[in-house]
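Data file: start.csv. Format and content: CSV, C-alpha atoms.
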```csv
chain,number,residue,atom,x,y,z
S,24,MET,CA,27.7,9.8,-23.6
S,25,PRO,CA,24.6,7.7,-22.9
S,26,SER,CA,21.7,8.0,-25.2
S,27,LEU,CA,19.4,8.0,-22.2
S,28,PRO,CA,19.4,9.9,-18.9
S,29,SER,CA,21.4,8.0,-16.3
S,30,LYS,CA,19.2,5.5,-14.3
S,31,GLN,CA,19.5,3.8,-11.0
S,32,ILE,CA,19.5,0.1,-12.0
S,33,LEU,CA,19.5,-2.9,-9.6
S,34,ILE,CA,20.5,-6.3,-11.1
S,35,GLY,CA,19.2,-9.4,-9.3
S,36,VAL,CA,21.4,-12.4,-10.1
S,37,CYS,CA,20.0,-15.8,-9.3
S,38,GLY,CA,21.6,-19.2,-9.0
S,39,GLY,CA,21.8,-20.6,-12.5
S,40,VAL,CA,24.7,-21.7,-14.8
S,41,ALA,CA,23.9,-18.6,-17.0
S,42,ALA,CA,24.8,-16.3,-14.1
S,43,TYR,CA,28.1,-15.5,-15.7
S,44,LYS,CA,26.3,-13.9,-18.6
S,45,ALA,CA,24.9,-11.3,-16.3
S,46,LEU,CA,28.5,-9.9,-16.0
S,47,ASP,CA,28.2,-8.6,-19.6
S,48,VAL,CA,24.9,-7.0,-18.9
S,49,VAL,CA,26.1,-5.2,-15.9
S,50,SER,CA,29.2,-4.0,-17.7
S,51,GLY,CA,27.1,-2.9,-20.7
S,52,LEU,CA,24.7,-0.9,-18.6
S,53,ARG,CA,27.5,0.8,-16.7
S,54,LYS,CA,29.2,1.7,-20.0
S,55,GLN,CA,25.9,3.4,-21.1
S,56,GLY,CA,26.3,5.7,-18.1
S,57,HIS,CA,23.8,4.1,-15.6
S,58,ARG,CA,24.5,3.6,-11.9
S,59,VAL,CA,24.4,-0.2,-11.5
S,60,ARG,CA,24.2,-2.2,-8.3
S,61,VAL,CA,24.0,-6.0,-8.0
S,62,VAL,CA,22.2,-8.2,-5.4
S,63,MET,CA,22.9,-11.9,-5.5
S,64,THR,CA,21.2,-15.0,-4.0
S,65,ASP,CA,23.4,-17.3,-2.1
S,66,ALA,CA,23.1,-19.9,-4.9
S,67,ALA,CA,24.3,-17.3,-7.4
S,68,THR,CA,27.5,-16.8,-5.5
S,69,ARG,CA,28.2,-20.6,-6.1
S,70,PHE,CA,28.4,-19.9,-9.8
S,71,VAL,CA,30.1,-16.4,-9.9
S,72,GLN,CA,32.1,-14.7,-7.2
S,73,PRO,CA,30.6,-11.4,-5.9
S,74,ALA,CA,34.0,-9.8,-6.5
S,75,SER,CA,33.5,-10.2,-10.3
S,76,PHE,CA,30.2,-8.3,-10.2
S,77,ALA,CA,31.8,-5.7,-7.9
S,78,ALA,CA,34.6,-5.2,-10.4
S,79,VAL,CA,32.3,-4.6,-13.4
S,80,SER,CA,29.6,-2.6,-11.5
S,81,GLY,CA,32.0,-0.4,-9.5
S,82,HIS,CA,30.0,-1.1,-6.3
S,83,ALA,CA,30.1,-3.6,-3.5
S,84,VAL,CA,27.7,-6.5,-4.1
S,85,LEU,CA,24.7,-7.1,-1.8
S,86,THR,CA,24.4,-10.7,-0.7
S,87,THR,CA,22.9,-10.9,2.8
S,88,LEU,CA,20.0,-9.6,4.8
S,89,TRP,CA,22.2,-9.6,7.9
S,90,PRO,CA,25.3,-7.5,7.2
S,91,ASP,CA,28.0,-7.4,9.9
S,92,VAL,CA,28.2,-3.6,10.4
S,93,GLY,CA,28.6,-1.3,13.3
S,94,ARG,CA,28.3,2.3,12.3
S,95,GLY,CA,27.4,2.9,8.7
S,96,THR,CA,24.9,4.3,6.2
S,97,LEU,CA,21.3,3.4,5.9
S,98,GLU,CA,22.3,1.3,3.0
S,99,ASP,CA,24.6,-0.7,5.2
S,100,HIS,CA,22.0,-1.3,7.9
S,101,TYR,CA,19.0,-1.9,5.6
S,102,PRO,CA,20.2,-3.6,2.4
S,103,HIS,CA,16.7,-4.8,1.6
S,104,LEU,CA,15.5,-1.2,1.3
S,105,TYR,CA,18.5,0.6,-0.2
S,106,PRO,CA,19.2,0.8,-3.1
S,107,ALA,CA,15.8,-1.0,-3.9
S,108,THR,CA,13.6,1.9,-2.9
S,109,GLU,CA,15.6,4.3,-5.1
S,110,THR,CA,15.7,2.1,-8.2
S,111,ASP,CA,14.4,3.1,-11.6
S,112,LEU,CA,14.9,-0.4,-13.2
S,113,PHE,CA,15.2,-3.8,-11.6
S,114,LEU,CA,16.5,-6.6,-13.9
S,115,LEU,CA,16.4,-10.2,-12.8
S,116,ILE,CA,19.0,-12.3,-14.7
S,117,PRO,CA,19.0,-15.2,-14.9
S,118,ALA,CA,15.5,-15.6,-13.5
S,119,THR,CA,15.3,-19.1,-12.1
S,120,ALA,CA,12.2,-21.1,-11.4
S,121,ASN,CA,12.7,-20.8,-7.6
S,122,SER,CA,13.1,-17.0,-7.6
S,123,ILE,CA,10.2,-16.5,-10.0
S,124,ALA,CA,8.0,-18.5,-7.7
S,125,LYS,CA,9.1,-16.6,-4.6
S,126,ILE,CA,8.7,-13.2,-6.1
S,127,ALA,CA,5.3,-14.0,-7.6
S,128,GLY,CA,4.2,-15.2,-4.2
S,129,GLY,CA,5.5,-12.2,-2.3
S,130,ILE,CA,8.0,-14.2,-0.3
S,131,GLY,CA,10.9,-12.3,1.2
S,132,ASP,CA,13.2,-14.9,2.7
S,133,ASP,CA,16.5,-13.7,1.1
S,134,LEU,CA,17.9,-10.3,0.2
S,135,LEU,CA,17.0,-10.5,-3.5
S,136,CYS,CA,13.4,-11.3,-3.0
S,137,THR,CA,13.0,-8.8,-0.1
S,138,SER,CA,14.5,-6.1,-2.3
S,139,CYS,CA,11.8,-6.9,-4.9
S,140,LEU,CA,9.1,-6.2,-2.2
S,141,SER,CA,10.7,-2.8,-1.6
S,142,LEU,CA,10.8,-1.6,-5.2
S,143,PRO,CA,8.8,1.7,-5.8
S,144,ALA,CA,5.7,1.6,-7.9
S,145,THR,CA,7.4,3.6,-10.6
S,146,CYS,CA,10.2,1.1,-11.0
S,147,ALA,CA,10.4,-0.9,-14.2
S,148,LYS,CA,10.8,-4.6,-13.6
S,149,ILE,CA,12.2,-7.0,-16.2
S,150,PHE,CA,13.0,-10.7,-15.8
S,151,CYS,CA,15.0,-13.0,-18.0
S,152,PRO,CA,14.2,-16.6,-17.5
S,153,SER,CA,16.8,-19.3,-17.8
S,154,MET,CA,16.3,-23.0,-16.9
S,155,ASN,CA,15.9,-26.5,-18.1
S,156,LEU,CA,13.3,-27.2,-20.9
S,157,GLU,CA,11.0,-29.3,-18.7
S,158,MET,CA,11.2,-26.8,-15.9
S,159,TRP,CA,10.2,-23.9,-18.2
S,160,HIS,CA,7.1,-25.8,-19.5
S,161,ASN,CA,6.0,-26.9,-16.0
S,162,PRO,CA,2.4,-25.6,-15.5
S,163,VAL,CA,3.2,-24.3,-12.0
S,164,LEU,CA,6.2,-22.3,-13.4
S,165,GLN,CA,4.0,-20.9,-16.2
S,166,LYS,CA,1.4,-19.9,-13.7
S,167,ASN,CA,4.1,-18.0,-11.7
S,168,VAL,CA,5.4,-16.4,-14.9
S,169,GLY,CA,1.9,-15.2,-15.7
S,170,ALA,CA,1.5,-13.8,-12.2
S,171,LEU,CA,4.6,-11.7,-12.6
S,172,GLU,CA,3.5,-10.4,-16.0
S,173,SER,CA,0.1,-9.5,-14.6
S,174,LEU,CA,1.9,-7.4,-12.0
S,175,GLY,CA,3.7,-5.4,-14.7
S,176,TRP,CA,6.9,-7.4,-15.0
S,177,ILE,CA,8.3,-7.5,-18.5
S,178,ARG,CA,9.7,-10.9,-19.7
S,179,LEU,CA,12.6,-11.2,-22.0
S,180,GLY,CA,13.0,-14.8,-23.3
S,181,PRO,CA,13.8,-17.5,-22.8
S,182,ASP,CA,15.3,-18.4,-26.2
S,183,THR,CA,15.5,-21.8,-27.8
S,184,GLY,CA,18.9,-23.5,-28.2
S,185,HIS,CA,21.4,-25.9,-26.6
S,186,LEU,CA,21.0,-26.0,-22.8
S,187,ALA,CA,23.7,-26.7,-20.2
S,188,CYS,CA,21.9,-29.8,-19.1
S,189,GLY,CA,22.4,-31.3,-22.6
S,190,MET,CA,18.9,-30.8,-23.8
S,191,THR,CA,17.9,-28.6,-26.7
S,192,GLY,CA,14.8,-26.5,-26.5
S,193,GLU,CA,13.3,-23.4,-24.9
S,194,GLY,CA,14.9,-22.3,-21.7
S,195,ARG,CA,18.2,-20.6,-22.8
S,196,LEU,CA,19.0,-17.2,-21.5
S,197,ARG,CA,18.6,-14.5,-24.1
S,198,ASP,CA,21.9,-13.2,-25.4
S,199,PRO,CA,23.4,-10.4,-23.2
S,200,ALA,CA,23.7,-8.1,-26.2
S,201,ALA,CA,20.0,-8.6,-27.1
S,202,ILE,CA,19.1,-8.0,-23.4
S,203,LEU,CA,21.0,-4.7,-23.5
S,204,ASP,CA,19.3,-3.6,-26.7
S,205,GLU,CA,15.8,-4.5,-25.3
S,206,VAL,CA,16.5,-2.7,-22.0
S,207,GLU,CA,17.6,0.4,-23.9
S,208,ALA,CA,14.5,0.3,-26.1
S,209,TYR,CA,12.3,-0.2,-23.1
S,210,LEU,CA,13.9,2.7,-21.2
S,211,THR,CA,13.5,4.9,-24.3
S,212,SER,CA,9.8,4.0,-24.5
S,213,ARG,CA,9.4,5.0,-20.9
S,214,GLN,CA,10.5,8.5,-21.7
S,215,ARG,CA,7.8,9.1,-24.4
S,216,LEU,CA,5.8,11.3,-21.9
S,217,SER,CA,8.9,13.1,-20.5
S,218,GLY,CA,8.1,16.7,-20.1
S,219,LYS,CA,4.3,16.1,-20.4
S,220,THR,CA,1.7,16.7,-17.7
S,221,VAL,CA,-1.2,14.2,-17.4
S,222,LEU,CA,-4.3,15.1,-15.4
S,223,ILE,CA,-6.1,12.0,-14.1
S,224,LEU,CA,-9.6,12.0,-12.5
S,225,SER,CA,-10.1,9.0,-10.4
S,226,GLY,CA,-12.3,7.2,-7.9
S,227,PRO,CA,-16.0,7.8,-7.0
S,228,THR,CA,-17.7,11.0,-5.9
S,229,HIS,CA,-19.8,11.1,-2.7
S,230,GLU,CA,-22.9,13.2,-2.8
S,231,HIS,CA,-23.9,13.7,0.8
S,232,LEU,CA,-27.5,13.7,2.1
S,233,ASP,CA,-26.1,14.7,5.6
S,234,PRO,CA,-22.7,14.5,7.2
S,235,ILE,CA,-22.9,10.7,7.4
S,236,ARG,CA,-25.0,9.4,4.5
S,237,TYR,CA,-24.2,9.9,0.8
S,238,LEU,CA,-25.0,8.7,-2.7
S,239,GLY,CA,-22.1,6.8,-4.2
S,240,ASN,CA,-20.9,3.8,-6.1
S,241,PRO,CA,-18.4,0.9,-5.7
S,242,SER,CA,-15.5,2.6,-7.6
S,243,SER,CA,-12.2,1.8,-5.8
S,244,GLY,CA,-9.8,4.1,-7.6
S,245,LYS,CA,-7.6,1.1,-8.7
S,246,MET,CA,-7.9,2.0,-12.4
S,247,GLY,CA,-6.8,5.6,-11.7
S,248,LYS,CA,-3.9,4.4,-9.6
S,249,ALA,CA,-2.7,2.1,-12.4
S,250,LEU,CA,-3.0,5.0,-14.9
S,251,ALA,CA,-1.0,7.3,-12.7
S,252,GLU,CA,1.8,4.7,-12.2
S,253,ALA,CA,1.9,4.0,-15.9
S,254,ALA,CA,2.2,7.7,-16.7
S,255,LEU,CA,4.9,8.2,-14.1
S,256,GLN,CA,6.9,5.2,-15.5
S,257,GLN,CA,6.8,6.9,-18.9
S,258,GLY,CA,8.3,10.1,-17.6
S,259,ALA,CA,5.1,12.2,-17.1
S,260,LYS,CA,4.2,14.6,-14.3
S,261,VAL,CA,0.8,13.6,-12.9
S,262,GLU,CA,-1.9,15.8,-11.4
S,263,PHE,CA,-4.2,13.3,-9.6
S,264,VAL,CA,-7.7,14.4,-8.7
S,265,THR,CA,-9.4,11.7,-6.6
S,266,GLY,CA,-12.7,11.1,-4.8
S,267,PRO,CA,-12.7,9.2,-1.5
S,268,VAL,CA,-10.8,5.9,-1.9
S,269,PRO,CA,-8.7,3.7,0.4
S,270,GLU,CA,-5.2,5.0,1.0
S,271,ALA,CA,-3.8,1.8,-0.6
S,272,ASN,CA,-5.4,2.9,-3.9
S,273,LEU,CA,-3.6,6.3,-4.0
S,274,PRO,CA,-0.4,6.4,-6.1
S,275,GLY,CA,2.9,7.8,-4.9
S,276,GLY,CA,4.9,10.4,-6.8
S,277,VAL,CA,1.9,12.4,-8.0
S,278,ARG,CA,0.4,15.8,-7.0
S,279,LEU,CA,-2.6,14.6,-5.1
S,280,HIS,CA,-5.8,16.6,-5.1
S,281,PRO,CA,-8.5,14.9,-2.9
S,282,VAL,CA,-12.1,15.9,-3.4
S,283,VAL,CA,-15.5,14.5,-2.3
S,284,SER,CA,-18.3,15.7,-4.6
S,285,ALA,CA,-18.7,16.0,-8.4
S,286,GLN,CA,-18.8,19.8,-8.2
S,287,GLU,CA,-15.5,19.8,-6.2
S,288,MET,CA,-13.9,17.5,-8.7
S,289,LEU,CA,-15.0,19.8,-11.6
S,290,GLU,CA,-13.6,22.9,-9.9
S,291,THR,CA,-10.4,21.3,-8.9
S,292,ALA,CA,-9.7,19.8,-12.3
S,293,ARG,CA,-10.6,23.1,-14.0
S,294,GLY,CA,-7.9,24.8,-12.0
S,295,LEU,CA,-5.3,22.3,-13.3
S,296,LEU,CA,-6.4,22.0,-16.9
S,297,GLU,CA,-4.4,24.9,-18.3
S,298,SER,CA,-1.1,23.3,-17.4
S,299,CYS,CA,-1.9,19.8,-18.7
S,300,ASP,CA,-1.1,18.1,-22.0
S,301,ALA,CA,-3.6,15.2,-21.6
S,302,VAL,CA,-6.5,14.4,-19.4
S,303,ILE,CA,-7.9,11.0,-18.5
S,304,TYR,CA,-11.4,10.8,-17.1
S,305,ALA,CA,-11.3,7.6,-15.1
S,306,ALA,CA,-13.5,8.8,-12.2
S,307,ALA,CA,-16.9,7.2,-11.6
S,308,VAL,CA,-18.8,10.5,-11.0
S,309,ALA,CA,-22.3,10.4,-9.5
S,310,ASP,CA,-24.9,11.6,-12.0
S,311,PHE,CA,-27.1,13.2,-9.3
S,312,ARG,CA,-26.8,15.0,-6.0
S,313,PRO,CA,-29.3,15.8,-3.3
S,314,GLU,CA,-30.9,19.3,-3.8
S,315,THR,CA,-30.4,20.0,-0.1
S,316,ARG,CA,-27.9,18.6,2.4
S,317,ALA,CA,-28.8,18.4,6.1
S,318,GLU,CA,-26.3,19.9,8.5
S,319,SER,CA,-26.7,17.1,11.0
S,320,LYS,CA,-27.5,13.4,10.7
S,321,LEU,CA,-31.1,12.8,9.6
S,322,PRO,CA,-33.0,10.8,12.2
S,323,LYS,CA,-34.3,7.4,11.4
S,324,ALA,CA,-38.1,7.4,10.7
S,325,GLU,CA,-40.7,4.8,9.9
S,326,GLN,CA,-42.2,6.7,7.1
S,327,SER,CA,-40.7,7.0,3.6
S,328,LEU,CA,-38.2,9.7,2.8
S,329,ASP,CA,-38.5,11.8,-0.4
S,330,ILE,CA,-35.2,13.2,-1.8
S,331,ARG,CA,-35.1,15.6,-4.7
S,332,LEU,CA,-32.1,15.0,-6.9
S,333,LEU,CA,-30.4,17.4,-9.2
S,334,PRO,CA,-28.1,16.5,-12.1
S,335,ASN,CA,-24.4,16.9,-11.6
S,336,PRO,CA,-22.3,18.7,-14.2
S,337,ASP,CA,-20.9,16.5,-16.9
S,338,ILE,CA,-17.2,17.0,-16.0
S,339,ALA,CA,-15.7,15.6,-19.2
S,340,ALA,CA,-17.9,17.5,-21.5
S,341,THR,CA,-17.5,20.7,-19.5
S,342,LEU,CA,-13.7,20.6,-19.3
S,343,ASN,CA,-13.3,19.5,-22.9
S,344,ARG,CA,-15.2,22.5,-24.1
S,345,GLU,CA,-12.8,24.7,-22.0
S,346,LYS,CA,-9.4,23.0,-22.6
S,347,LYS,CA,-6.8,24.5,-24.9
S,348,ALA,CA,-6.2,23.1,-28.4
S,349,GLY,CA,-3.9,20.1,-28.4
S,350,VAL,CA,-4.8,18.6,-25.1
S,351,THR,CA,-5.6,14.9,-25.5
S,352,ALA,CA,-8.7,13.7,-23.7
S,353,ILE,CA,-9.5,10.0,-23.0
S,354,GLY,CA,-12.8,9.0,-21.3
S,355,PHE,CA,-14.4,5.9,-19.9
S,356,ALA,CA,-17.9,4.4,-20.4
S,357,LEU,CA,-19.1,1.8,-18.0
S,358,GLN,CA,-22.3,0.2,-19.3
S,359,THR,CA,-24.5,-2.7,-18.4
S,360,HIS,CA,-26.1,-3.0,-21.9
S,361,ASP,CA,-25.7,-1.6,-25.4
S,362,GLY,CA,-22.1,-0.7,-24.4
S,363,GLU,CA,-20.7,0.1,-27.9
S,364,ALA,CA,-23.7,2.3,-28.9
S,365,HIS,CA,-23.5,4.2,-25.6
S,366,ALA,CA,-19.7,4.6,-25.9
S,367,ARG,CA,-19.9,6.0,-29.4
S,368,GLU,CA,-22.5,8.5,-28.3
S,369,LYS,CA,-20.3,9.6,-25.3
S,370,LEU,CA,-17.2,9.8,-27.5
S,371,GLN,CA,-19.0,12.5,-29.6
S,372,SER,CA,-21.0,14.3,-26.9
S,373,LYS,CA,-18.1,14.6,-24.5
S,374,LEU,CA,-15.6,15.8,-27.2
S,375,LEU,CA,-13.2,13.0,-26.5
S,376,ASP,CA,-10.2,11.8,-28.5
S,377,GLY,CA,-10.8,8.2,-27.4
S,378,ILE,CA,-13.0,6.2,-25.0
S,379,VAL,CA,-12.5,3.1,-23.0
S,380,LEU,CA,-15.5,0.9,-22.7
S,381,ASN,CA,-15.5,-1.3,-19.6
S,382,ALA,CA,-18.0,-3.7,-18.0
S,383,PRO,CA,-19.4,-3.7,-14.5
S,384,ASP,CA,-17.0,-6.5,-13.6
S,385,SER,CA,-14.2,-3.9,-13.3
S,386,LEU,CA,-15.8,-2.0,-10.5
S,387,GLY,CA,-13.6,-2.4,-7.4
S,388,ALA,CA,-11.8,-5.3,-9.0
S,389,PRO,CA,-8.1,-5.7,-10.0
S,390,SER,CA,-9.1,-6.5,-13.6
S,391,GLY,CA,-11.9,-6.0,-16.1
S,392,THR,CA,-13.1,-6.4,-19.6
S,393,PHE,CA,-12.0,-3.5,-21.8
S,394,HIS,CA,-12.6,-2.2,-25.3
S,395,TYR,CA,-11.3,1.0,-26.9
S,396,LEU,CA,-12.6,3.4,-29.6
S,397,ALA,CA,-10.7,6.3,-31.1
S,398,LYS,CA,-12.6,9.3,-32.6
S,399,ASP,CA,-11.1,8.7,-36.0
S,400,ARG,CA,-11.9,4.9,-36.1
S,401,GLU,CA,-15.0,3.0,-36.9
S,402,ALA,CA,-14.3,-0.2,-35.2
S,403,PHE,CA,-13.7,-0.9,-31.5
S,404,GLU,CA,-10.4,-2.5,-30.3
S,405,HIS,CA,-11.5,-5.5,-28.2
S,406,TRP,CA,-8.8,-5.9,-25.5
S,407,GLY,CA,-10.6,-8.6,-23.6
S,408,THR,CA,-10.0,-9.2,-19.9
S,409,LEU,CA,-7.0,-7.5,-18.5
S,410,ASP,CA,-5.5,-6.6,-15.2
S,411,LYS,CA,-5.7,-2.9,-14.6
S,412,THR,CA,-1.9,-2.5,-14.7
S,413,ARG,CA,-1.8,-3.8,-18.3
S,414,ALA,CA,-5.0,-1.9,-19.3
S,415,ALA,CA,-3.3,1.3,-18.1
S,416,ARG,CA,-0.3,0.7,-20.3
S,417,TYR,CA,-2.6,0.1,-23.3
S,418,ILE,CA,-4.5,3.4,-22.5
S,419,LEU,CA,-1.3,5.4,-22.1
S,420,GLY,CA,-0.2,4.0,-25.4
S,421,LYS,CA,-3.2,5.8,-27.0
S,422,ILE,CA,-2.1,9.2,-25.8
S,423,GLU,CA,1.6,8.9,-26.7
S,424,PRO,CA,1.1,9.2,-30.5
S,425,PHE,CA,-0.5,12.7,-30.0
S,426,PHE,CA,2.8,13.9,-28.8
S,427,ILE,CA,5.0,12.2,-31.5
S,428,PRO,CA,5.4,14.1,-34.8
S,429,GLY,CA,4.1,12.1,-37.7
S,430,GLU,CA,2.1,9.6,-35.7
```

Translate the structure described by the file into structure tokens.
Amino acid sequence: MPSLPSKQILIGVCGGVAAYKALDVVSGLRKQGHRVRVVMTDAATRFVQPASFAAVSGHAVLTTLWPDVGRGTLEDHYPHLYPATETDLFLLIPATANSIAKIAGGIGDDLLCTSCLSLPATCAKIFCPSMNLEMWHNPVLQKNVGALESLGWIRLGPDTGHLACGMTGEGRLRDPAAILDEVEAYLTSRQRLSGKTVLILSGPTHEHLDPIRYLGNPSSGKMGKALAEAALQQGAKVEFVTGPVPEANLPGGVRLHPVVSAQEMLETARGLLESCDAVIYAAAVADFRPETRAESKLPKAEQSLDIRLLPNPDIAATLNREKKAGVTAIGFALQTHDGEAHAREKLQSKLLDGIVLNAPDSLGAPSGTFHYLAKDREAFEHWGTLDKTRAARYILGKIEPFFIPGE
């Protein structure tokens, strides 16, 4: 019996001399009880016959974007979508310089790379580089490797040793047994929130003066989306309360609760709080709202317009006073100055278990500068500049210990 629930795993095999080692990985994953499919580049088929991978995986191997089929299943007609869109884990082995470059650049000119474009947001993505020493250290290759890692790909290797080209150095594919161990450890870590429900508040709020105009801020919802995807990847159920954001910044696989104003956000989140094990306050909530809202668009006038503003409720402080014992609460503090002092004060006044301090450079951007403070710590953790995908994984790592006995 497998130690983990069975997963849908897609193995991408590239054209390198180490391609034969992928046979052991496919066989090992299948023995663990996973459903394993294989997609190969044309170059990979020059090193290992597809029939070998079909034998160890128990499934026909995918090799072309243009299958010669008449009647058939969706998988037969759309091999770039199925099984890619249903995959829990994608493993690229060996990851060659060419495929790394194409995947990092979003190029889909073969079945393997197009399958990568079709992977769901919740899919774990791992790549195992293998190539010549000089190729591995090429600055362009390293830039592409960094691009994949910034997009959430996990890199295993390469190791140092004797290479097929006769050189000795970094570039050797990690041993298949070690890859299997690391994949299992990674899949295990992804289940640490299994059975837990995480409530995430995301995006801005809009406080309307009239049906057209509102008070707001540049929050894009990208941080909330990254948090939701990271929580889903770790097995959590996600309740996602979001202010108005572009559709591209809404995660899939969550229970979506769209709101507009701060008061709507508070009431919606309040109704979900009882069923949650953790709450992350990533929304950029407007501090004030107009005292009155016009029913129709206010006419333009030459004279000044006086607007009386009322304070909005402090959503985090309110919900944290009402939440049941044991619910973990993580908040955010975005400051232009004296950030650490303000974050410490908010950590206490909002009854948070931890707080993320980020700078204005993160507003609407794919990355930002992040720091973290836990309520039982004196010193901030300075995470530096991170893309939001990686920052989300760091933040989710802070709520996991609350659910693990002895940590």

Sorted per-residue table, region 175-222 of chain S near region 54-62 of chain S, closest atoms and distance, 12 Å, all atoms listed in the file, as a Markdown table:
```
| residue | atom | partner | partner_atom | distance |
| --- | --- | --- | --- | --- |
| S:Leu203 | CA | S:Gln55 | CA | 9.8 |
| S:Asp204 | CA | S:Gln55 | CA | 11.1 |
| S:Val206 | CA | S:Gln55 | CA | 11.2 |
| S:Glu207 | CA | S:Gln55 | CA | 9.3 |
| S:Leu210 | CA | S:His57 | CA | 11.5 |
```

| Can you tell me, as an MDAnalysis selection string, what residues are no more than 12 Å from Leu216 (chain S) when counting all atoms listed in the file, ignoring any on the same chain fewer than 2 positions away? | chainID S and resid 210:214 218:221 253:261 299:301 419:427

| Near region 314-326 of chain S, within 12 Å and counting all atoms listed in the file, which residues show up once chain neighbours fewer than 6 positions away are dropped, as an NGL selection string? | :S and (230-238 or 332-335)

Preceding selection exported with C-alpha atoms as a short mmCIF file (atom, residue, chain, number, x, y, z; two decimals), keeping the file's coordinate frame:
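again-v4.cif written:
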```cif
data_model
loop_
_atom_site.label_atom_id
_atom_site.label_comp_id
_atom_site.auth_asym_id
_atom_site.auth_seq_id
_atom_site.Cartn_x
_atom_site.Cartn_y
_atom_site.Cartn_z
CA GLU S 230 -22.90 13.20 -2.80
CA HIS S 231 -23.90 13.70 0.80
CA LEU S 232 -27.50 13.70 2.10
CA ASP S 233 -26.10 14.70 5.60
CA PRO S 234 -22.70 14.50 7.20
CA ILE S 235 -22.90 10.70 7.40
CA ARG S 236 -25.00 9.40 4.50
CA TYR S 237 -24.20 9.90 0.80
CA LEU S 238 -25.00 8.70 -2.70
CA LEU S 332 -32.10 15.00 -6.90
CA LEU S 333 -30.40 17.40 -9.20
CA PRO S 334 -28.10 16.50 -12.10
CA ASN S 335 -24.40 16.90 -11.60
#
```

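From CA of Glu98 (chain S) back to CA of Pro28 (chain S), the distance works out to 23.7 Å.
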
| query | Could you work out how far CA of Arg413 (chain S) lies from CA of Lys369 (chain S), giving the answer in Å with one decimal? | reply | 23.9 Å

| task | Excluding Ala42 (chain S) and any residue of its chain fewer than 2 positions from it, enumerate the residues within 10 Å of it, using only C-alpha atoms, and give them as a PyMOL selection string. | result | chain S and resi 36-40+44-46+63+67-71+116-118+153+196

Excluding region 346-360 of chain S and residues on its chain fewer than 6 positions from it, collect all residues at most 6 Å away from it, counting all atoms listed in the file, and give them as an mmCIF file with C-alpha atoms, in the coordinates of the input.
```cif
data_model
loop_
_atom_site.group_PDB
_atom_site.id
_atom_site.type_symbol
_atom_site.label_atom_id
_atom_site.label_comp_id
_atom_site.auth_asym_id
_atom_site.auth_seq_id
_atom_site.Cartn_x
_atom_site.Cartn_y
_atom_site.Cartn_z
ATOM 1 C CA ASP S 300 -1.100 18.100 -22.000
ATOM 2 C CA ALA S 301 -3.600 15.200 -21.600
ATOM 3 C CA VAL S 302 -6.500 14.400 -19.400
ATOM 4 C CA ILE S 303 -7.900 11.000 -18.500
ATOM 5 C CA TYR S 304 -11.400 10.800 -17.100
ATOM 6 C CA ALA S 305 -11.300 7.600 -15.100
ATOM 7 C CA ALA S 366 -19.700 4.600 -25.900
ATOM 8 C CA LEU S 375 -13.200 13.000 -26.500
ATOM 9 C CA ASP S 376 -10.200 11.800 -28.500
ATOM 10 C CA GLY S 377 -10.800 8.200 -27.400
ATOM 11 C CA ILE S 378 -13.000 6.200 -25.000
ATOM 12 C CA VAL S 379 -12.500 3.100 -23.000
ATOM 13 C CA LEU S 380 -15.500 0.900 -22.700
ATOM 14 C CA ASN S 381 -15.500 -1.300 -19.600
ATOM 15 C CA ALA S 382 -18.000 -3.700 -18.000
#
```

Please write region 329-337 of chain S of the preceding block to a file containing N, CA and C atoms, as an mmCIF file, in the first residue's frame?
```
data_model
loop_
_atom_site.group_PDB
_atom_site.id
_atom_site.type_symbol
_atom_site.label_atom_id
_atom_site.label_comp_id
_atom_site.auth_asym_id
_atom_site.auth_seq_id
_atom_site.Cartn_x
_atom_site.Cartn_y
_atom_site.Cartn_z
ATOM 1 N N ASP S 329 -17.358 68.545 -0.710
ATOM 2 C CA ASP S 329 -17.023 68.095 0.640
ATOM 3 C C ASP S 329 -17.657 66.729 0.881
ATOM 4 N N ILE S 330 -16.822 65.776 1.304
ATOM 5 C CA ILE S 330 -17.302 64.423 1.561
ATOM 6 C C ILE S 330 -16.956 64.058 2.999
ATOM 7 N N ARG S 331 -17.949 63.680 3.752
ATOM 8 C CA ARG S 331 -17.708 63.239 5.125
ATOM 9 C C ARG S 331 -17.439 61.741 5.109
ATOM 10 N N LEU S 332 -16.315 61.344 5.711
ATOM 11 C CA LEU S 332 -15.917 59.950 5.730
ATOM 12 C C LEU S 332 -16.078 59.349 7.122
ATOM 13 N N LEU S 333 -16.529 58.136 7.161
ATOM 14 C CA LEU S 333 -16.664 57.403 8.407
ATOM 15 C C LEU S 333 -15.663 56.256 8.439
ATOM 16 N N PRO S 334 -15.159 55.906 9.609
ATOM 17 C CA PRO S 334 -14.196 54.797 9.674
ATOM 18 C C PRO S 334 -14.870 53.466 9.384
ATOM 19 N N ASN S 335 -14.180 52.630 8.625
ATOM 20 C CA ASN S 335 -14.657 51.272 8.391
ATOM 21 C C ASN S 335 -14.305 50.394 9.580
ATOM 22 N N PRO S 336 -15.013 49.301 9.757
ATOM 23 C CA PRO S 336 -14.649 48.381 10.847
ATOM 24 C C PRO S 336 -13.274 47.768 10.606
ATOM 25 N N ASP S 337 -12.566 47.486 11.679
ATOM 26 C CA ASP S 337 -11.296 46.772 11.596
ATOM 27 C C ASP S 337 -11.635 45.284 11.484
#
```
